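Q: Have a look at the structure that comes next, please.
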Amino acid sequence: MGSLAESSVLQSPVFTKQPGSIVYPVETVENGREVVFSCEARGSPAPAYRWKLNGTEILPKAGSHFSLSGGNLRISRLNRDRDAGTYQCLASNSFGTIVSREASLTFAYLESFKTQRRSPVSVREGQGMVLLCGPPPHSGDLVFSWIFNESTTFVQQETRRFISQETGNLYIAKVEPSDVGNYTCVVTNTVTKTRVQAPPDYNPESELFPPFLFFISSPSPAPSITWRREDGAPFPRKVDTRKTNGVLEIPYFQQDDVGTYECVAENSRGMNKVKGKLSFYAPPHLIEKPQDVQKLIDDSLVWECKATGKPKPSYRWMKNGENLESTEERIQVANGVLSISRLTLSDTGMYQCVAGNKHGEVYSNAELRVIAAAPDFSHNQLRSQTMVKVGGDVLVECRPKMSPWGVISWRKGSDPAHRDRVIGLNGRKFQMIMKNTKYTARLHLSACDQAAYKITKCVSEASVITTQPSTLDATVGESVVLPCQVSHDPSLELKFTWFFNEQLIHFGSHDGFFEKVGGHSAGDIMIRNIQLKHAGKYTCAVQTKVDSISVALDLIVRGPPAPPTQIHVEEITDTTASLSWRPGPDNHSPITAYTIQARTPFSLGWQAVTTVPEVVGGRQLTAVVIDLNPWVEYEFRVLASNRIGTGEPSKPSKQARTKSTSPKVTPANVSGGGGSRSELVITWEPVPEELQNGPGFGYVVAFRPHGATGWMQAAVPSPEASRYVFKNESIQPFSPFHVKVGVYNNEGEGPFGPVITIYSAEEEPGRAPTRVRARSLSAAEIEVSWKALPWNASKRRVLGYELRYWSKSEREDTASVQRTVGNQTSSVIRGLRGSTSYYISVRAYNTAGTGPPSSTVNVTTKKPPPSQPPDKVMWNTSNSKIIVNWEQVKALENESEVTGYKVSAPHVMETNTTSVELALPTDEDYIIQIKPFGEGGDGSSSRQITIPKTAGQTLSREKKNNFTLFTFFIIN
């Protein structure tokens, strides 16, 4: 039936105004104020109103603090404990009842902080810390700020400071001496406008809050901090990456911004990173609503309600303001769909779909009218002509519109003898049958009985499907043809229809798997790249104007096995885990083997593991995984294989941690050296967490001077530690020590690594280089030489030399630095300015630093090279040669004289004239450039000139001509 006309005089109730939630300040309640919830609906008859509080109907009485004004609910003499809750408005008329959205009444307040003061905490400079606010009891949204040293100004957010408006905590990265002092958390209630202050507060901690992602980093030197998305997607334009630093701000957060974000801190000592996940949540939003409908008695109703939201909304249905319970089999509610079969007058009413998640609910209203109607044939008249075969059956449908259903009788109207005779229900030719609750008449013919029943043609040959196997099988990835060929009367047109598991196949859809093949008498179809989902029952239906036939076949698809199920870890030790599982369907090919994979928080995805037995057969449903790492959380999954391939993996098992044991792996890359005077610096790579074998992991550092017999030892209890420094005034510079590093945890001590030799800190060189000389090579280069320093008895090594140079117009403390390595005693300084006086000094260096400077030398660079490029460059051919000429370059007064030219064509050649001869270009084009040079270096180049290879070939063919001139001018 169609939708109800909006212009109808009578109308079901529809809300025009619904109540909204109210937050009321507690202080105002004490002054005897009141609140009003609004509710208004249109309808005819005019709706009557009721209200519910927490699901219980409110019954206003004389003198009650509840009163109704139209649809509005007025609450006077407010009481915080009595009146707080959830309110709903109900509007009713003769068509039914609808319920408004929920509206809450809450009372906002803000209590004072406890007066107790927390003890101060000492923090090392450069560390990161968080000061916890811990707001007092409250109701209503809060705004947090902090005061430093009881001043009147508030702490400002910047690159090192961040105030979380979720918890009120103040984060400080890389603490500085200027941060020392008293901090006070200030809390403001946005509803009551009241403000309270906490006592000064210290407490170290760190947290992460979206959509502001804040990263605290405390190492030294201060690291550079960068942000990136784990999936590699670039940041949208709305994110200003120039000001992110420790805080990543994402304005106008949307679904596209969901993902895992990674903060990377990096300095000269290494890199660290941390991840944070951002999720998107949204209240429900209706995208498909039920519409008002009018139905006949015994009709069926299907209403669908769909909503978006995150988490995914759940649905419930209401009828006339009460939750609809499907107590009758004919009423079904599932996933937002309401279906009612065999409608009765009692089903009439107002229905509401309610979609909700933890972020809210949305309501949609619709009216159902169930009506009675007298018989009406205007919409379903009998067909004027019907074609049927001799001896066959014909179905003449009689489907009047009426509600409720009535009695049907038949008369044969074309024969006067039978025109008014009612045909009996059990006659030789007629039989009354039920079809979809509607009566129809079935006519049995023994001859071509025309005219009387408007039967105009008889067909002598019945259609027969001639080829059709009952079962076919195929393997995943193959293509298969399903045959359907028919023997039929040539005068009839055939219509082929295919069904898969009783669902019509729409060719051109289904991702292109199904395709029609065959000629006029064949309705064959092909399934390309067959998949497991294509297994099932296929029916070919053939229809003509006089008959229809069908035949079915079963298609079996063989493929890799389905995932195993019920993966359990039966027993676990420090290095083994016993697993069991159940097989999934083998998809018509027996399972031949199982593969076990595992993953940990430290692995890159799933990895194959070693098992006992090494090969797990298809009939075996248990195995022992070996060679696991102790004290690591593992997940396991199982994959089944057959002769066709390997199937999808099972769901992961529950996490299981292997038992702990003493450590077995020692630190890698133990080395050291350097540091300050009287120090022995020892470094190593920390042992990864997955190899620490248990809690309480740490390092044992053992060392002794060369020649000593006893070892000195020190424990380093941090598993992340990577260095140990032993300081003693008796340690001589650059003294050799034997060093080894071992491991331990709560289960006991592990082994030591190999013994290596590490030298204590050395002293910087004590002498300056001598015989320092400098000479200008060009306008941009100076060569510096010196006499090398020998090692002396104090073992002050020389690793190389450091050159410092600065111009006459610069200060020495801003000098540029250039270093050499080893015993090198000369170096060229490049990139200088021409005609400029430079000062140069040389120092020796080692790991302790640089020694004293040499005496300073002074040198002036040569004049700059010519700035003008060669002009009027031209070329011609003569006697199988290319002659290139150009105009002489004259240097300016402040430039060095031109002493020659460099020509590249294709190899560089030098000349002190203004022309060169070249061989003809027979193999490749010539690209020619010319630049002048002098003692100041190379000058500016001319523009490129291209002499094509084809020109050379043409000229060589015209060799008989004594002189052929091709001249090009290149004017800069």
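Here, A, B, ... name the chains of the structure tokens in the order displayed, residue numbers run from 1 inside each chain, and ligands are numbered from 1 in the same displayed order.
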Near Val239 (chain A), within 10 Å and counting only C-alpha atoms, which residues show up once chain neighbours fewer than 6 positions away are dropped, as a JSON list (two decimals) with N, CA, C and O atoms, in the first residue's frame?
A:
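And here's result05.json as it stands now:
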```
[["chain", "number", "residue", "atom", "x", "y", "z"],
["A", 248, "LEU", "N", 51.55, 17.16, 19.23],
["A", 248, "LEU", "CA", 50.94, 17.05, 17.92],
["A", 248, "LEU", "C", 49.47, 17.42, 18.05],
["A", 248, "LEU", "O", 48.71, 16.73, 18.72],
["A", 249, "GLU", "N", 49.07, 18.53, 17.44],
["A", 249, "GLU", "CA", 47.69, 19.00, 17.52],
["A", 249, "GLU", "C", 47.00, 18.71, 16.20],
["A", 249, "GLU", "O", 47.49, 19.06, 15.14],
["A", 250, "ILE", "N", 45.82, 18.05, 16.27],
["A", 250, "ILE", "CA", 45.05, 17.70, 15.08],
["A", 250, "ILE", "C", 43.72, 18.45, 15.16],
["A", 250, "ILE", "O", 42.80, 18.02, 15.85],
["A", 251, "PRO", "N", 43.59, 19.59, 14.46],
["A", 251, "PRO", "CA", 42.32, 20.33, 14.51],
["A", 251, "PRO", "C", 41.21, 19.57, 13.77],
["A", 251, "PRO", "O", 41.47, 18.77, 12.87],
["A", 252, "TYR", "N", 39.97, 19.82, 14.16],
["A", 252, "TYR", "CA", 38.78, 19.27, 13.48],
["A", 252, "TYR", "C", 38.93, 17.76, 13.26],
["A", 252, "TYR", "O", 38.87, 17.26, 12.15]]
```
Q: Can you tell me, as a VMD selection string, what residues are no more than 12 Å from region 814-826 of chain A when counting only C-alpha atoms, ignoring any on the same chain fewer than 2 positions away?
A: chain A and resid 769 to 775 782 to 791 797 to 812 828 to 832 838 to 846 850
Q: Extract, using only C-alpha atoms, all DNA, RNA and protein residues at most 12 Å from Glu328 (chain A), discarding same-chain residues fewer than 2 positions from it, and format them as an MDAnalysis selection string.
A: chainID A and resid 324:326 330:333 339:343 347
Q: Can I get the selection written as a tab-separated table (two decimals), in the first residue's frame, with all heavy atoms?
A:
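Final output, again_5.tsv:
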```tsv
chain	number	residue	atom	x	y	z
A	324	LEU	N	8.62	-2.85	22.38
A	324	LEU	CA	7.92	-3.90	21.65
A	324	LEU	C	8.62	-5.23	21.90
A	324	LEU	O	9.79	-5.41	21.54
A	324	LEU	CB	7.90	-3.57	20.16
A	324	LEU	CG	7.15	-4.54	19.25
A	324	LEU	CD1	5.69	-4.59	19.62
A	324	LEU	CD2	7.32	-4.14	17.79
A	325	GLU	N	7.92	-6.15	22.52
A	325	GLU	CA	8.45	-7.49	22.77
A	325	GLU	C	7.84	-8.45	21.77
A	325	GLU	O	6.62	-8.48	21.57
A	325	GLU	CB	8.12	-7.95	24.20
A	325	GLU	CG	8.58	-6.99	25.29
A	325	GLU	CD	10.09	-6.94	25.41
A	325	GLU	OE1	10.75	-7.86	24.89
A	325	GLU	OE2	10.60	-5.96	26.00
A	326	SER	N	8.68	-9.24	21.09
A	326	SER	CA	8.18	-10.18	20.07
A	326	SER	C	7.68	-11.46	20.74
A	326	SER	O	8.28	-12.52	20.65
A	326	SER	CB	9.27	-10.49	19.05
A	326	SER	OG	10.42	-10.97	19.71
A	330	ARG	N	4.61	-14.25	14.81
A	330	ARG	CA	4.46	-13.42	13.61
A	330	ARG	C	5.15	-12.07	13.74
A	330	ARG	O	5.27	-11.34	12.75
A	330	ARG	CB	2.97	-13.23	13.31
A	330	ARG	CG	2.24	-12.41	14.33
A	330	ARG	CD	0.74	-12.42	14.10
A	330	ARG	NE	0.10	-11.47	15.02
A	330	ARG	CZ	-0.12	-10.19	14.72
A	330	ARG	NH1	0.24	-9.72	13.53
A	330	ARG	NH2	-0.71	-9.39	15.59
A	331	ILE	N	5.62	-11.69	14.91
A	331	ILE	CA	6.33	-10.42	15.11
A	331	ILE	C	7.80	-10.72	15.38
A	331	ILE	O	8.14	-11.40	16.34
A	331	ILE	CB	5.73	-9.62	16.29
A	331	ILE	CG1	4.25	-9.33	16.04
A	331	ILE	CG2	6.50	-8.32	16.50
A	331	ILE	CD1	3.56	-8.62	17.19
A	332	GLN	N	8.69	-10.25	14.48
A	332	GLN	CA	10.11	-10.52	14.59
A	332	GLN	C	10.89	-9.20	14.57
A	332	GLN	O	10.60	-8.31	13.77
A	332	GLN	CB	10.59	-11.42	13.44
A	332	GLN	CG	9.93	-12.79	13.41
A	332	GLN	CD	10.32	-13.66	14.58
A	332	GLN	OE1	11.45	-13.58	15.07
A	332	GLN	NE2	9.38	-14.48	15.04
A	333	VAL	N	11.87	-9.10	15.48
A	333	VAL	CA	12.75	-7.93	15.55
A	333	VAL	C	14.19	-8.43	15.48
A	333	VAL	O	14.60	-9.23	16.31
A	333	VAL	CB	12.53	-7.10	16.83
A	333	VAL	CG1	13.54	-5.95	16.89
A	333	VAL	CG2	11.12	-6.58	16.89
A	339	SER	N	9.48	-6.98	11.40
A	339	SER	CA	8.61	-7.64	10.43
A	339	SER	C	7.41	-8.22	11.18
A	339	SER	O	7.56	-8.84	12.24
A	339	SER	CB	9.35	-8.74	9.68
A	339	SER	OG	9.86	-9.70	10.58
A	340	ILE	N	6.19	-7.98	10.62
A	340	ILE	CA	4.95	-8.49	11.20
A	340	ILE	C	4.18	-9.16	10.08
A	340	ILE	O	3.89	-8.53	9.05
A	340	ILE	CB	4.10	-7.37	11.83
A	340	ILE	CG1	4.91	-6.56	12.84
A	340	ILE	CG2	2.86	-7.95	12.51
A	340	ILE	CD1	4.15	-5.38	13.43
A	341	SER	N	3.86	-10.44	10.23
A	341	SER	CA	3.08	-11.17	9.23
A	341	SER	C	1.63	-11.27	9.71
A	341	SER	O	1.33	-11.11	10.90
A	341	SER	CB	3.67	-12.56	9.00
A	341	SER	OG	3.69	-13.31	10.21
A	342	ARG	N	0.71	-11.52	8.75
A	342	ARG	CA	-0.72	-11.70	9.04
A	342	ARG	C	-1.23	-10.57	9.94
A	342	ARG	O	-1.65	-10.77	11.07
A	342	ARG	CB	-0.96	-13.07	9.68
A	342	ARG	CG	-0.47	-14.24	8.83
A	342	ARG	CD	-0.91	-15.57	9.40
A	342	ARG	NE	-0.48	-15.78	10.77
A	342	ARG	CZ	0.74	-16.15	11.14
A	342	ARG	NH1	1.65	-16.36	10.20
A	342	ARG	NH2	1.04	-16.32	12.41
A	343	LEU	N	-1.16	-9.37	9.42
A	343	LEU	CA	-1.54	-8.18	10.20
A	343	LEU	C	-2.99	-8.25	10.64
A	343	LEU	O	-3.87	-8.74	9.91
A	343	LEU	CB	-1.33	-6.92	9.37
A	343	LEU	CG	0.12	-6.50	9.14
A	343	LEU	CD1	0.19	-5.41	8.07
A	343	LEU	CD2	0.76	-6.02	10.43
A	347	ASP	N	-2.76	-4.43	15.38
A	347	ASP	CA	-1.39	-3.98	15.12
A	347	ASP	C	-1.34	-2.48	14.80
A	347	ASP	O	-0.25	-1.91	14.72
A	347	ASP	CB	-0.79	-4.77	13.95
A	347	ASP	CG	-0.60	-6.23	14.29
A	347	ASP	OD1	-0.19	-6.51	15.43
A	347	ASP	OD2	-0.86	-7.08	13.42
```
Q: Would you work out the distance separating CA of Ser867 (chain A) from CA of Ile928 (chain A), expressed in Å to one decimal?
A: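 Computing the Euclidean distance for CA of Ser867 (chain A) and CA of Ile928 (chain A) yields 19.0 Å.
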Q: So how far away is CA of Glu367 (chain A) from CA of Lys52 (chain A), in Å?
A: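 Atom-to-atom, CA of Lys52 (chain A) and CA of Glu367 (chain A) are spaced 22.2 Å apart.
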Q: Leaving out region 718-731 of chain A and any residue of its chain fewer than 6 positions from it, which residues lie within 6 Å of it when counting only C-alpha atoms, given as a PyMOL selection string?
A: chain A and resi 678-686+697-698
Q: Could you pull out the strand (DSSP E or B) residues of region 826-951 of chain A, going by DSSP on the backbone, and write them as an MDAnalysis selection string?
A: chainID A and resid 826:829 837:846 849:850 857:860 871:878 881:887 900:904 908:911 915:919 926:934 937:938 945:947
Q: Contacts of Ala577 (chain A) at 9 Å or less, counting only C-alpha atoms, minus same-chain residues fewer than 3 places along, as a list in words?
A: Val569, Glu570, Glu571, Ile572, Thr573, Asp574, Ala623, Val624, Val625, Ile626, Leu628, Ala656 and Thr658 of chain A
Q: Applying 6 Å and only C-alpha atoms, which residues near region 60-73 of chain A remain after dropping the ones on its own chain fewer than 6 positions away? List them as a count of residues only.
A: 6
Q: Would you pick out the contacts of His138 (chain A) at 10 Å or less, using only C-alpha atoms, so that residues sharing its chain but fewer than 2 positions from it are not included, and give the list as a list in words?
A: Phe107, Ala108, Tyr109, Leu110, Glu111, Ser112, Pro135, Pro136, Gly140, Asp141, Leu142 and Asn189 of chain A
Q: Output N, CA and C atoms for every residue in the selection just made, as a compact mmCIF listing (two decimals), in the first residue's frame.
A:
```
# COMPACT_ATOMS: atom_id res chain seq x y z
N PHE A 107 23.03 18.22 38.32
CA PHE A 107 23.33 19.39 39.14
C PHE A 107 24.85 19.56 39.21
N ALA A 108 25.31 20.73 38.76
CA ALA A 108 26.74 21.00 38.70
C ALA A 108 27.23 21.55 40.03
N TYR A 109 28.41 21.08 40.47
CA TYR A 109 29.02 21.58 41.70
C TYR A 109 30.52 21.37 41.63
N LEU A 110 31.26 22.01 42.48
CA LEU A 110 32.70 21.85 42.57
C LEU A 110 33.11 22.03 44.02
N GLU A 111 33.60 20.93 44.64
CA GLU A 111 34.04 20.99 46.02
C GLU A 111 35.49 21.49 46.10
N SER A 112 35.96 21.74 47.33
CA SER A 112 37.32 22.25 47.52
C SER A 112 38.32 21.10 47.57
N PRO A 135 41.67 16.51 40.58
CA PRO A 135 40.60 17.46 40.92
C PRO A 135 39.70 16.93 42.02
N PRO A 136 39.08 17.83 42.82
CA PRO A 136 38.19 17.42 43.90
C PRO A 136 36.86 16.90 43.34
N GLY A 140 29.92 18.47 36.17
CA GLY A 140 30.01 19.53 35.18
C GLY A 140 31.42 19.59 34.61
N ASP A 141 31.54 20.18 33.40
CA ASP A 141 32.84 20.25 32.74
C ASP A 141 33.80 21.18 33.49
N LEU A 142 35.11 20.79 33.49
CA LEU A 142 36.14 21.56 34.18
C LEU A 142 37.15 22.11 33.19
N ASN A 189 34.86 25.35 37.22
CA ASN A 189 33.67 24.67 36.72
C ASN A 189 33.00 25.57 35.69
```
Q: For Pro290 (chain A), which of A:Ser314, A:Ser378, A:Asn320, A:Gln352 is the closest residue, counting only C-alpha atoms?
A: A:Gln352
Q: Using only C-alpha atoms, which of A:Leu621, A:Val632, A:Leu553, A:Val264 sits nearest Thr576 (chain A)?
A: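 Residue with the minimum atom-to-atom distance to Thr576 (chain A): A:Val632.
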Q: Which residue gives the smallest distance to Pro754 (chain A) among A:Lys312, A:Lys193, A:His738, A:Lys881, with only C-alpha atoms counted?
A: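 Smallest distance to Pro754 (chain A) is found for A:His738.
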Q: So the first atom is CA of Asp473 (chain A) and the second is CA of Asp554 (chain A); what is the distance between them in Å, to one decimal place?
A: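 Those two atoms sit 8.3 Å apart.
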Q: Of the candidates A:Pro948, A:Val23, A:Ala84, A:Val916, which one gets nearest to Leu53 (chain A) if we count only C-alpha atoms?
A: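 So, comparing all the options, the nearest one is A:Ala84.
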Q: For the helix (DSSP H, G or I) assignment from backbone DSSP, which residues of region 228-408 of chain A qualify? Please present them as a list in words.
A: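 The helix (DSSP H, G or I) subset of region 228-408 of chain A is Thr241, Arg242, Lys243, Gln255, Asp256, Asp257, Leu345, Ser346 and Asp347 of chain A.
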Q: Just the selected residues (N, CA and C atoms), exported as a PDB file, in the first residue's frame, please.
A:
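The result, stored in again.pdb:
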```
ATOM      1  N   THR A 241      52.925  21.137  10.946  1.00  0.00           N
ATOM      2  CA  THR A 241      54.083  20.359  11.396  1.00  0.00           C
ATOM      3  C   THR A 241      55.219  21.236  11.881  1.00  0.00           C
ATOM      4  N   ARG A 242      55.172  22.526  11.568  1.00  0.00           N
ATOM      5  CA  ARG A 242      56.269  23.413  11.992  1.00  0.00           C
ATOM      6  C   ARG A 242      56.227  23.680  13.483  1.00  0.00           C
ATOM      7  N   LYS A 243      55.076  23.509  14.114  1.00  0.00           N
ATOM      8  CA  LYS A 243      55.001  23.824  15.545  1.00  0.00           C
ATOM      9  C   LYS A 243      54.624  22.608  16.383  1.00  0.00           C
ATOM     10  N   GLN A 255      37.103  11.073  10.971  1.00  0.00           N
ATOM     11  CA  GLN A 255      37.329   9.635  10.820  1.00  0.00           C
ATOM     12  C   GLN A 255      38.644   9.348  10.106  1.00  0.00           C
ATOM     13  N   ASP A 256      39.020  10.210   9.124  1.00  0.00           N
ATOM     14  CA  ASP A 256      40.265   9.976   8.379  1.00  0.00           C
ATOM     15  C   ASP A 256      41.503  10.104   9.254  1.00  0.00           C
ATOM     16  N   ASP A 257      41.382  10.762  10.420  1.00  0.00           N
ATOM     17  CA  ASP A 257      42.538  10.959  11.288  1.00  0.00           C
ATOM     18  C   ASP A 257      42.777   9.780  12.220  1.00  0.00           C
ATOM     19  N   LEU A 345      -6.131  -5.879  13.013  1.00  0.00           N
ATOM     20  CA  LEU A 345      -6.486  -4.505  13.378  1.00  0.00           C
ATOM     21  C   LEU A 345      -5.774  -4.059  14.644  1.00  0.00           C
ATOM     22  N   SER A 346      -5.452  -5.012  15.521  1.00  0.00           N
ATOM     23  CA  SER A 346      -4.798  -4.643  16.784  1.00  0.00           C
ATOM     24  C   SER A 346      -3.356  -4.182  16.584  1.00  0.00           C
ATOM     25  N   ASP A 347      -2.764  -4.432  15.383  1.00  0.00           N
ATOM     26  CA  ASP A 347      -1.394  -3.977  15.118  1.00  0.00           C
ATOM     27  C   ASP A 347      -1.335  -2.483  14.804  1.00  0.00           C
TER      28      ASP A 347
END
```
